[in-house]
>>> print(open('my_file.tsv').read())   # TSV, C-alpha atoms and all ligand atoms
chain	number	residue	atom	x	y	z
A	25	MET	CA	105.55	182.53	267.34
A	26	SER	CA	108.84	183.84	265.94
A	27	LEU	CA	112.02	181.81	265.72
A	28	ASP	CA	113.50	184.05	268.41
A	29	GLN	CA	110.74	183.08	270.79
A	30	MET	CA	110.83	179.42	269.88
A	31	TRP	CA	114.49	179.04	270.57
A	32	ALA	CA	114.73	181.32	273.56
A	33	GLY	CA	112.81	178.68	275.50
A	34	TRP	CA	115.06	175.94	274.32
A	35	ARG	CA	118.13	178.00	275.16
A	36	SER	CA	117.05	178.60	278.75
A	37	GLU	CA	116.41	174.89	279.11
A	38	PHE	CA	120.02	174.24	278.12
A	39	VAL	CA	121.39	176.86	280.47
A	40	GLU	CA	119.39	175.49	283.37
A	41	SER	CA	120.70	171.99	282.72
A	42	ILE	CA	124.27	173.07	283.47
A	43	PRO	CA	125.36	172.95	287.11
A	44	SER	CA	127.07	176.16	288.19
A	45	SER	CA	129.99	174.40	289.89
A	46	GLN	CA	132.50	174.38	286.99
A	47	ASP	CA	133.83	177.92	287.48
A	48	GLY	CA	131.57	178.99	284.68
A	49	CYS	CA	133.35	177.15	281.87
A	50	VAL	CA	130.71	175.25	279.92
A	51	LEU	CA	133.31	173.48	277.80
A	52	CYS	CA	135.17	172.13	280.84
A	53	LEU	CA	131.88	170.84	282.17
A	54	LEU	CA	130.88	169.22	278.88
A	55	GLY	CA	134.31	167.56	278.80
A	56	THR	CA	133.44	165.65	281.96
A	57	LEU	CA	130.11	164.27	280.74
A	58	GLU	CA	129.41	160.81	279.39
A	59	VAL	CA	128.63	160.28	275.73
A	60	GLY	CA	124.87	160.39	275.15
A	61	VAL	CA	121.90	162.35	273.90
A	62	GLU	CA	121.40	163.89	277.37
A	63	SER	CA	124.83	165.55	277.31
A	64	HIS	CA	124.98	165.90	273.50
A	65	VAL	CA	128.56	164.61	273.75
A	66	LEU	CA	129.17	162.47	270.66
A	67	PHE	CA	132.61	161.08	271.38
A	68	ARG	CA	135.33	161.18	274.02
A	69	GLY	CA	138.91	160.84	272.79
A	70	GLU	CA	142.21	160.97	274.65
A	71	GLY	CA	142.77	164.71	274.37
A	72	ASN	CA	139.55	165.99	272.82
A	73	PHE	CA	135.82	165.42	272.92
A	74	VAL	CA	133.15	165.96	270.30
A	75	VAL	CA	129.90	167.71	271.20
A	76	MET	CA	126.92	169.29	269.48
A	77	ASN	CA	127.02	173.09	269.56
A	78	ALA	CA	124.11	174.12	271.78
A	79	PHE	CA	123.70	177.34	269.78
A	80	PRO	CA	124.17	176.05	266.25
A	81	TYR	CA	124.72	178.22	263.20
A	82	ALA	CA	123.33	175.40	261.09
A	83	PRO	CA	121.76	172.01	261.74
A	84	GLY	CA	124.52	169.54	262.48
A	85	HIS	CA	126.93	172.15	263.93
A	86	VAL	CA	129.47	170.18	265.98
A	87	MET	CA	132.51	171.20	268.03
A	88	VAL	CA	135.76	169.30	268.59
A	89	VAL	CA	137.12	170.51	271.91
A	90	PRO	CA	140.39	169.84	273.78
A	91	TYR	CA	139.81	168.87	277.41
A	92	ASN	CA	142.46	171.40	278.43
A	93	HIS	CA	141.12	174.72	279.69
A	94	GLU	CA	143.42	176.54	277.29
A	95	GLY	CA	142.83	179.62	275.17
A	96	GLU	CA	146.16	179.67	273.38
A	97	TYR	CA	146.36	177.44	270.30
A	98	LEU	CA	150.16	177.24	270.42
A	99	SER	CA	150.00	175.85	273.95
A	100	LEU	CA	148.10	172.73	272.92
A	101	GLY	CA	150.24	169.60	272.77
A	102	ASP	CA	151.04	167.95	269.44
A	103	ASP	CA	149.03	164.88	270.42
A	104	VAL	CA	145.97	167.01	271.16
A	105	VAL	CA	146.27	168.94	267.89
A	106	GLU	CA	146.73	165.76	265.86
A	107	GLU	CA	143.79	164.02	267.45
A	108	ASN	CA	141.73	167.18	267.00
A	109	LEU	CA	142.38	167.18	263.26
A	110	LEU	CA	141.64	163.47	262.90
A	111	LEU	CA	138.44	163.79	264.91
A	112	THR	CA	137.43	166.80	262.81
A	113	ARG	CA	137.83	164.74	259.66
A	114	ARG	CA	135.80	161.92	261.19
A	115	VAL	CA	133.05	164.37	262.14
A	116	VAL	CA	133.04	165.82	258.62
A	117	ALA	CA	132.57	162.31	257.23
A	118	ALA	CA	129.70	161.61	259.63
A	119	ILE	CA	127.95	164.91	258.84
A	120	LYS	CA	128.35	164.27	255.11
A	121	ARG	CA	126.59	160.95	255.50
A	122	ALA	CA	123.92	162.36	257.81
A	123	TYR	CA	123.16	165.67	256.05
A	124	ASN	CA	124.84	165.68	252.64
A	125	PRO	CA	125.69	169.41	252.90
A	126	ASP	CA	127.12	171.42	249.97
A	127	GLY	CA	130.17	172.43	252.00
A	128	PHE	CA	131.67	173.06	255.42
A	129	ASN	CA	133.20	175.75	257.57
A	130	LEU	CA	135.96	174.35	259.78
A	131	GLY	CA	137.93	176.21	262.38
A	132	ALA	CA	138.26	178.22	265.52
A	133	ASN	CA	137.79	181.78	266.64
A	134	ILE	CA	140.90	182.28	268.73
A	135	GLY	CA	140.95	184.97	271.37
A	136	LYS	CA	138.45	187.74	271.93
A	137	ALA	CA	139.69	189.61	268.87
A	138	GLY	CA	139.12	186.45	266.84
A	139	GLY	CA	135.49	186.45	267.88
A	140	ALA	CA	135.57	183.58	270.35
A	141	ALA	CA	132.50	183.37	272.58
A	142	ILE	CA	134.48	181.34	275.12
A	143	ALA	CA	137.97	182.73	274.57
A	144	ALA	CA	139.51	181.00	277.57
A	145	HIS	CA	138.86	177.50	276.20
A	146	ILE	CA	139.72	176.91	272.58
A	147	HIS	CA	137.18	174.93	270.54
A	148	PHE	CA	136.95	173.98	266.88
A	149	HIS	CA	133.76	174.29	264.89
A	150	VAL	CA	132.50	171.98	262.18
A	151	VAL	CA	129.60	173.73	260.45
A	152	PRO	CA	127.84	172.13	257.49
A	153	ARG	CA	126.79	174.67	254.85
A	154	TRP	CA	124.26	174.66	252.07
A	155	ILE	CA	124.22	176.79	248.96
A	156	GLY	CA	121.94	179.72	249.75
A	157	ASP	CA	121.78	179.11	253.49
A	158	THR	CA	123.18	182.55	254.34
A	159	ASN	CA	120.62	184.25	252.14
A	160	PHE	CA	117.91	182.15	253.67
A	161	MET	CA	118.90	183.16	257.17
A	162	THR	CA	119.12	186.85	256.33
A	163	THR	CA	115.74	186.80	254.62
A	164	VAL	CA	113.71	184.70	256.99
A	165	ALA	CA	114.96	185.61	260.42
A	166	ASN	CA	117.24	187.82	262.41
A	167	THR	CA	118.41	184.78	264.29
A	168	ARG	CA	120.00	181.42	263.64
A	169	VAL	CA	117.88	178.93	261.78
A	170	LEU	CA	117.23	175.67	263.55
A	171	PRO	CA	114.94	173.41	261.56
A	172	GLU	CA	115.47	170.49	263.90
A	173	SER	CA	116.04	169.89	267.60
A	174	LEU	CA	119.47	169.32	269.07
A	175	ASP	CA	118.45	165.81	270.14
A	176	SER	CA	117.43	164.95	266.61
A	177	ALA	CA	120.67	166.31	265.15
A	178	TYR	CA	122.64	164.45	267.81
A	179	ASN	CA	121.00	161.13	266.95
A	180	ARG	CA	121.59	161.59	263.21
A	181	ILE	CA	125.28	162.36	263.61
A	182	ALA	CA	125.90	159.84	266.40
A	183	SER	CA	124.64	156.95	264.31
A	184	GLU	CA	126.95	157.95	261.44
A	185	LEU	CA	129.93	158.69	263.69
A	186	ASN	CA	129.83	155.21	265.15
A	187	SER	CA	129.08	153.35	261.93
L	201	ZN	ZN	137.31	175.34	280.09
>>> encode(input="my_file.tsv", output="structure tokens")
Amino acid sequence: MSLDQMWAGWRSEFVESIPSSQDGCVLCLLGTLEVGVESHVLFRGEGNFVVMNAFPYAPGHVMVVPYNHEGEYLSLGDDVVEENLLLTRRVVAAIKRAYNPDGFNLGANIGKAGGAAIAAHIHFHVVPRWIGDTNFMTTVANTRVLPESLDSAYNRIASELNS
């Protein structure tokens, strides 16, 4: 079984678990869910929530997402932006303790031209990186490499985030 096949099944499971009533915005829906391994929501703040990325680029790929259905970065309030940065730093600390990566990619793809998959709702990625991981991915598979389940990654990061 190829990685593509393995994770296609898991992906459809995720898609099926989302009710279709939220006007199609997955991030708005996730922003309404309780913290827990079922939702993969790690933390709910005042203006942002923290959630595992369901289609991770690396194990431990987390997103820090404003509740606002807003695609324009400059339209976010100062309080939301500040909390977003502080939560991002907290997530980085938790991932460092949980995974000890060699580095991180932090940031957002803003707008369609910026490569955003969900351009209408801005979201910030925290992606742990390892030396050689890009080479590994290119060599081994034509898809993203997921050595562990989302539930497992959730539990690892959640225990560090709340410690
Ligand atoms: Zn939204």
>>> residues_around(input="my_file.tsv", residues="A:Glu184", least_positions_apart="4", cutoff="12 Å", atoms="only C-alpha atoms", output="list in words")
Leu66, Phe67, Gly84, Arg114, Val115, Val116, Ala117, Ala118, Ile119, Lys120, Arg121, Ala122, Tyr123, Asn124, Ala177, Tyr178, Asn179 and Arg180 of chain A
>>> residues_near_ligand(input="my_file.tsv", ligand="ligand ZN 201 (chain L)", cutoff="9 Å", atoms="all atoms listed in the file", output="PDB file with C-alpha atoms, keeping the file's coordinate frame")
ATOM      1  CA  GLN A  46     132.500 174.380 286.990  1.00  0.00           C
ATOM      2  CA  ASP A  47     133.830 177.920 287.480  1.00  0.00           C
ATOM      3  CA  GLY A  48     131.570 178.990 284.680  1.00  0.00           C
ATOM      4  CA  CYS A  49     133.350 177.150 281.870  1.00  0.00           C
ATOM      5  CA  VAL A  50     130.710 175.250 279.920  1.00  0.00           C
ATOM      6  CA  LEU A  51     133.310 173.480 277.800  1.00  0.00           C
ATOM      7  CA  CYS A  52     135.170 172.130 280.840  1.00  0.00           C
ATOM      8  CA  LEU A  53     131.880 170.840 282.170  1.00  0.00           C
ATOM      9  CA  LEU A  54     130.880 169.220 278.880  1.00  0.00           C
ATOM     10  CA  GLY A  55     134.310 167.560 278.800  1.00  0.00           C
ATOM     11  CA  PRO A  90     140.390 169.840 273.780  1.00  0.00           C
ATOM     12  CA  TYR A  91     139.810 168.870 277.410  1.00  0.00           C
ATOM     13  CA  ASN A  92     142.460 171.400 278.430  1.00  0.00           C
ATOM     14  CA  HIS A  93     141.120 174.720 279.690  1.00  0.00           C
ATOM     15  CA  GLU A  94     143.420 176.540 277.290  1.00  0.00           C
ATOM     16  CA  GLY A  95     142.830 179.620 275.170  1.00  0.00           C
ATOM     17  CA  ILE A 142     134.480 181.340 275.120  1.00  0.00           C
ATOM     18  CA  ALA A 144     139.510 181.000 277.570  1.00  0.00           C
ATOM     19  CA  HIS A 145     138.860 177.500 276.200  1.00  0.00           C
ATOM     20  CA  ILE A 146     139.720 176.910 272.580  1.00  0.00           C
TER      21      ILE A 146
END
>>> atom_distance(input="my_file.tsv", atom1="atom CA of A:Asp102", atom2="atom CA of A:Asn129")
22.8 Å
>>> closest_residue(input="my_file.tsv", among="A:Ala140, A:Pro83, A:Asn133, A:Leu111", to="A:Ser176", atoms="only C-alpha atoms")
A:Pro83
>>> closest_residue(input="my_file.tsv", among="A:Asp126, A:Ala82, A:Gly131, A:Leu98", to="A:His147", atoms="all atoms listed in the file")
A:Gly131
